[in-house]
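Engineer: Supplied structure: query-v2.pdb, PDB, C-alpha atoms, pLDDT in the B column.
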ATOM      1  CA  MET A   1      -5.528   9.888  14.042  1.00 94.00           C
ATOM      2  CA  LYS A   2      -6.162   6.527  12.426  1.00 97.00           C
ATOM      3  CA  GLU A   3      -9.224   4.770  11.042  1.00 98.00           C
ATOM      4  CA  ILE A   4      -9.466   1.053  11.645  1.00 98.00           C
ATOM      5  CA  LYS A   5     -11.764  -0.823   9.283  1.00 98.00           C
ATOM      6  CA  ALA A   6     -12.381  -4.486  10.047  1.00 97.00           C
ATOM      7  CA  PHE A   7     -14.460  -6.987   8.117  1.00 95.00           C
ATOM      8  CA  ILE A   8     -15.624  -9.715  10.486  1.00 95.00           C
ATOM      9  CA  LYS A   9     -18.138 -12.539  10.562  1.00 93.00           C
ATOM     10  CA  PRO A  10     -21.590 -11.569  11.865  1.00 93.00           C
ATOM     11  CA  ASN A  11     -21.469 -14.234  14.582  1.00 93.00           C
ATOM     12  CA  ARG A  12     -18.301 -12.638  16.070  1.00 95.00           C
ATOM     13  CA  VAL A  13     -19.577  -9.026  16.186  1.00 96.00           C
ATOM     14  CA  LYS A  14     -21.080  -9.216  19.668  1.00 97.00           C
ATOM     15  CA  GLN A  15     -17.837 -10.471  21.226  1.00 97.00           C
ATOM     16  CA  VAL A  16     -15.709  -7.890  19.400  1.00 98.00           C
ATOM     17  CA  VAL A  17     -17.964  -4.932  20.275  1.00 97.00           C
ATOM     18  CA  GLU A  18     -18.399  -6.000  23.904  1.00 98.00           C
ATOM     19  CA  GLU A  19     -14.635  -6.244  24.399  1.00 98.00           C
ATOM     20  CA  LEU A  20     -13.969  -2.923  22.643  1.00 98.00           C
ATOM     21  CA  LYS A  21     -16.569  -1.229  24.864  1.00 97.00           C
ATOM     22  CA  LYS A  22     -15.144  -2.886  27.969  1.00 97.00           C
ATOM     23  CA  GLN A  23     -11.749  -1.387  27.075  1.00 97.00           C
ATOM     24  CA  GLY A  24     -13.289   2.089  26.622  1.00 96.00           C
ATOM     25  CA  TYR A  25     -13.724   2.157  22.836  1.00 96.00           C
ATOM     26  CA  ASP A  26     -17.432   2.784  22.408  1.00 91.00           C
ATOM     27  CA  CYS A  27     -17.619   5.016  19.303  1.00 93.00           C
ATOM     28  CA  ILE A  28     -17.995   2.234  16.748  1.00 97.00           C
ATOM     29  CA  THR A  29     -19.797   2.103  13.402  1.00 97.00           C
ATOM     30  CA  LEU A  30     -21.183  -1.207  12.151  1.00 97.00           C
ATOM     31  CA  SER A  31     -22.463  -1.868   8.627  1.00 95.00           C
ATOM     32  CA  LYS A  32     -23.764  -4.953   6.837  1.00 90.00           C
ATOM     33  CA  ALA A  33     -21.582  -5.958   3.920  1.00 84.00           C
ATOM     34  CA  GLU A  34     -20.777  -8.885   1.662  1.00 75.00           C
ATOM     35  CA  GLY A  35     -17.384 -10.390   1.050  1.00 70.00           C
ATOM     36  CA  THR A  36     -15.977 -11.711  -2.187  1.00 64.00           C
ATOM     37  CA  GLY A  37     -12.653 -12.867  -0.799  1.00 61.00           C
ATOM     38  CA  SER A  38     -10.893 -16.199  -1.048  1.00 57.00           C
ATOM     39  CA  LEU A  39     -13.845 -18.205   0.290  1.00 52.00           C
ATOM     40  CA  LYS A  40     -15.655 -19.167  -2.940  1.00 58.00           C
ATOM     41  CA  ARG A  41     -19.164 -20.517  -3.313  1.00 59.00           C
ATOM     42  CA  PRO A  42     -20.250 -21.732  -6.764  1.00 63.00           C
ATOM     43  CA  ASP A  43     -23.530 -19.773  -6.567  1.00 63.00           C
ATOM     44  CA  ALA A  44     -21.905 -16.512  -5.410  1.00 59.00           C
ATOM     45  CA  PHE A  45     -22.114 -13.305  -7.423  1.00 58.00           C
ATOM     46  CA  PRO A  46     -21.464  -9.618  -6.662  1.00 58.00           C
ATOM     47  CA  SER A  47     -24.680  -7.731  -6.007  1.00 57.00           C
ATOM     48  CA  LEU A  48     -25.555  -4.205  -4.997  1.00 56.00           C
ATOM     49  CA  GLU A  49     -28.772  -5.664  -3.607  1.00 58.00           C
ATOM     50  CA  PHE A  50     -26.798  -7.909  -1.239  1.00 51.00           C
ATOM     51  CA  LYS A  51     -28.661 -11.076  -2.094  1.00 52.00           C
ATOM     52  CA  VAL A  52     -25.700 -13.438  -2.067  1.00 51.00           C
ATOM     53  CA  ALA A  53     -21.980 -13.083  -2.577  1.00 54.00           C
ATOM     54  CA  ASP A  54     -19.359 -15.292  -0.969  1.00 59.00           C
ATOM     55  CA  SER A  55     -20.346 -14.548   2.588  1.00 73.00           C
ATOM     56  CA  PRO A  56     -22.090 -11.953   4.737  1.00 81.00           C
ATOM     57  CA  VAL A  57     -19.702  -9.819   6.785  1.00 89.00           C
ATOM     58  CA  VAL A  58     -19.940  -6.867   9.126  1.00 94.00           C
ATOM     59  CA  LYS A  59     -17.786  -3.814   8.525  1.00 96.00           C
ATOM     60  CA  LEU A  60     -16.634  -2.323  11.810  1.00 98.00           C
ATOM     61  CA  GLU A  61     -15.144   1.172  11.710  1.00 98.00           C
ATOM     62  CA  ILE A  62     -13.468   3.049  14.524  1.00 97.00           C
ATOM     63  CA  VAL A  63     -11.319   6.191  14.547  1.00 96.00           C
ATOM     64  CA  CYS A  64      -8.693   6.435  17.260  1.00 95.00           C
ATOM     65  CA  ASN A  65      -5.499   8.113  18.324  1.00 94.00           C
ATOM     66  CA  ASP A  66      -2.325   6.673  16.783  1.00 95.00           C
ATOM     67  CA  SER A  67      -1.230   5.192  20.122  1.00 96.00           C
ATOM     68  CA  GLU A  68      -4.422   3.091  20.391  1.00 97.00           C
ATOM     69  CA  VAL A  69      -4.143   1.239  17.073  1.00 98.00           C
ATOM     70  CA  GLN A  70      -2.304  -1.868  18.265  1.00 98.00           C
ATOM     71  CA  THR A  71      -4.641  -2.375  21.232  1.00 98.00           C
ATOM     72  CA  ILE A  72      -7.757  -2.120  19.050  1.00 98.00           C
ATOM     73  CA  VAL A  73      -6.320  -4.364  16.314  1.00 98.00           C
ATOM     74  CA  SER A  74      -5.412  -6.957  18.958  1.00 98.00           C
ATOM     75  CA  ILE A  75      -8.925  -6.910  20.418  1.00 98.00           C
ATOM     76  CA  ILE A  76     -10.567  -7.290  17.004  1.00 98.00           C
ATOM     77  CA  SER A  77      -8.199 -10.074  16.006  1.00 98.00           C
ATOM     78  CA  ARG A  78      -8.545 -11.993  19.266  1.00 97.00           C
ATOM     79  CA  GLU A  79     -12.326 -11.683  19.587  1.00 98.00           C
ATOM     80  CA  GLY A  80     -13.080 -11.934  15.858  1.00 97.00           C
ATOM     81  CA  ARG A  81     -11.285 -15.166  15.078  1.00 95.00           C
ATOM     82  CA  SER A  82     -13.050 -18.484  14.710  1.00 91.00           C
ATOM     83  CA  PRO A  83     -11.989 -22.042  13.883  1.00 90.00           C
ATOM     84  CA  ASP A  84     -13.450 -21.615  10.372  1.00 85.00           C
ATOM     85  CA  PRO A  85     -11.819 -20.029   7.297  1.00 82.00           C
ATOM     86  CA  GLY A  86     -12.620 -16.492   6.173  1.00 81.00           C
ATOM     87  CA  ASP A  87     -12.450 -14.582   9.465  1.00 87.00           C
ATOM     88  CA  GLY A  88     -11.898 -11.290   7.625  1.00 90.00           C
ATOM     89  CA  LEU A  89      -9.398  -8.460   7.355  1.00 94.00           C
ATOM     90  CA  ILE A  90      -8.363  -5.360   9.293  1.00 98.00           C
ATOM     91  CA  TYR A  91      -7.166  -2.183   7.570  1.00 98.00           C
ATOM     92  CA  VAL A  92      -5.569   0.835   9.217  1.00 98.00           C
ATOM     93  CA  SER A  93      -5.576   4.194   7.435  1.00 98.00           C
ATOM     94  CA  HIS A  94      -4.396   7.684   8.307  1.00 97.00           C
ATOM     95  CA  VAL A  95      -7.112  10.264   9.012  1.00 96.00           C
ATOM     96  CA  GLU A  96      -5.948  13.726   7.984  1.00 94.00           C
ATOM     97  CA  GLN A  97      -8.789  15.673   9.560  1.00 93.00           C
ATOM     98  CA  ALA A  98     -12.053  15.092  11.413  1.00 92.00           C
ATOM     99  CA  PHE A  99     -14.865  17.559  12.145  1.00 94.00           C
ATOM    100  CA  ARG A 100     -18.050  17.579  14.205  1.00 93.00           C
ATOM    101  CA  VAL A 101     -21.110  17.843  11.965  1.00 95.00           C
ATOM    102  CA  LYS A 102     -23.050  20.015  14.420  1.00 95.00           C
ATOM    103  CA  THR A 103     -20.388  22.677  15.025  1.00 95.00           C
ATOM    104  CA  GLY A 104     -17.817  22.283  12.280  1.00 95.00           C
ATOM    105  CA  GLU A 105     -15.211  22.082  15.056  1.00 95.00           C
ATOM    106  CA  GLU A 106     -12.052  20.234  14.045  1.00 93.00           C
ATOM    107  CA  LEU A 107     -11.159  17.289  16.226  1.00 88.00           C
ATOM    108  CA  THR A 108      -7.485  17.188  17.037  1.00 82.00           C
ATOM    109  CA  LYS A 109      -7.788  14.363  19.566  1.00 75.00           C
ATOM    110  CA  LEU A 110     -10.423  11.756  20.275  1.00 72.00           C
TER     111      LEU A 110
END
Let me see the structure of the file written as structure tokens.
Structural biologist:
Amino acid sequence: MKEIKAFIKPNRVKQVVEELKKQGYDCITLSKAEGTGSLKRPDAFPSLEFKVADSPVVKLEIVCNDSEVQTIVSIISREGRSPDPGDGLIYVSHVEQAFRVKTGEELTKL
């Protein structure tokens, strides 16, 4: 299994999520975040209170089977891009194990 973590602009989230759901990927986690990447504002500062950093972003997380990674990355990249700088990043990590909270059952396949 793999975990895909993508940091995308808030105004692109709807398009990304709609396309992922249309393709059958509907177990998605979204979180508000702030980016401190290469896009620099003179008044930006890191903050645990999320007042202002470089730019607001949405962290999208999805766990999938290894064979689905390229499809999901392609969807996020295609639907998440804009004509402006700072469209975000996508990370793919290995998931060693996953368990259901309710039963403790190990998930071997999603």
Engineer: Just give me the gap between CA of Ser67 (chain A) and CA of Gly35 (chain A) in Å, one decimal is fine.
Structural biologist: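 Taking CA of Ser67 (chain A) as the start and CA of Gly35 (chain A) as the end point, the length is 29.5 Å.
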Engineer: On this file, the PyMOL selection byres ((chain A and resi 56) around 7) gives some set of residues; write that set as a PDB file with C-alpha atoms, keeping the file's coordinate frame.
Structural biologist:
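Generated file (out36.pdb):
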ATOM      1  CA  ALA A  33     -21.582  -5.958   3.920  1.00 84.00           C
ATOM      2  CA  GLU A  34     -20.777  -8.885   1.662  1.00 75.00           C
ATOM      3  CA  GLY A  35     -17.384 -10.390   1.050  1.00 70.00           C
ATOM      4  CA  SER A  55     -20.346 -14.548   2.588  1.00 73.00           C
ATOM      5  CA  VAL A  57     -19.702  -9.819   6.785  1.00 89.00           C
TER       6      VAL A  57
END
Engineer: Determine the residue set returned by the PyMOL selection byres ((chain A and resi 29) around 7) for the present structure, and present it as number ranges by chain.
Structural biologist: A: 27-28, 30-31, 60-62
Engineer: What is the distance between CA of Thr103 (chain A) and CA of Asn65 (chain A), in Å to one decimal?
Structural biologist: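 Computing the Euclidean distance for CA of Thr103 (chain A) and CA of Asn65 (chain A) yields 21.1 Å.
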Engineer: From the options A:Lys32, A:Lys102, A:Arg81, A:Lys59, which residue's atoms come nearest to Lys5 (chain A), counting only C-alpha atoms?
Structural biologist: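 That would be A:Lys59, the residue with the smallest distance to Lys5 (chain A).
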Engineer: Can you work out the spacing between CA of Ile76 (chain A) and CA of Leu89 (chain A) in Å, to one decimal?
Structural biologist: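 Value for the CA of Ile76 (chain A)-CA of Leu89 (chain A) distance: 9.8 Å.
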Engineer: Taking the file as shown, find all residues satisfying the PyMOL selection byres ((chain A and resi 23) around 12) and write them as a list in words.
Structural biologist: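 Selected by the PyMOL selection byres ((chain A and resi 23) around 12) here: Val16, Val17, Glu18, Glu19, Leu20, Lys21, Lys22, Gly24, Tyr25, Asp26, Cys27, Glu68, Thr71, Ile72, Ser74, Ile75 and Ile76 of chain A.
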Engineer: With distances taken over only C-alpha atoms, which of A:Arg78, A:Leu107, A:Arg100, A:Gly86 is nearest to Phe7 (chain A)?
Structural biologist: A:Gly86
Engineer: Which one is closest to Lys14 (chain A): A:Val73, A:Lys2, A:Asp66, A:Glu79? Count only C-alpha atoms.
Structural biologist: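 Counting only C-alpha atoms, the residue closest to Lys14 (chain A) is A:Glu79.
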Engineer: Identify which of the residues A:Asn11, A:Ala6, A:Val58, A:Gly104 lies closest to Val92 (chain A), counting all atoms listed in the file when measuring atom-to-atom distances.
Structural biologist: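 Nearest candidate to Val92 (chain A) out of A:Asn11, A:Ala6, A:Val58, A:Gly104: A:Ala6.
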Engineer: For region 21-29 of chain A, what centre and edge lengths in Å (one decimal) does the axis-aligned box get once 8 Å is added on each side of all its listed atoms, as JSON?
Structural biologist:
{"center_x": -15.8, "center_y": 1.1, "center_z": 20.7, "size_x": 24.0, "size_y": 23.9, "size_z": 30.6}
Engineer: So, counting only C-alpha atoms, which residue among A:Val69, A:Ser77, A:Glu3, A:Lys9 is closest to Gln97 (chain A)?
Structural biologist: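 Nearest candidate to Gln97 (chain A) out of A:Val69, A:Ser77, A:Glu3, A:Lys9: A:Glu3.
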Engineer: Counting all atoms listed in the file, which of A:Cys64, A:Ile4, A:Val13, A:His94 gets nearest to Lys109 (chain A)?
Structural biologist: A:Cys64
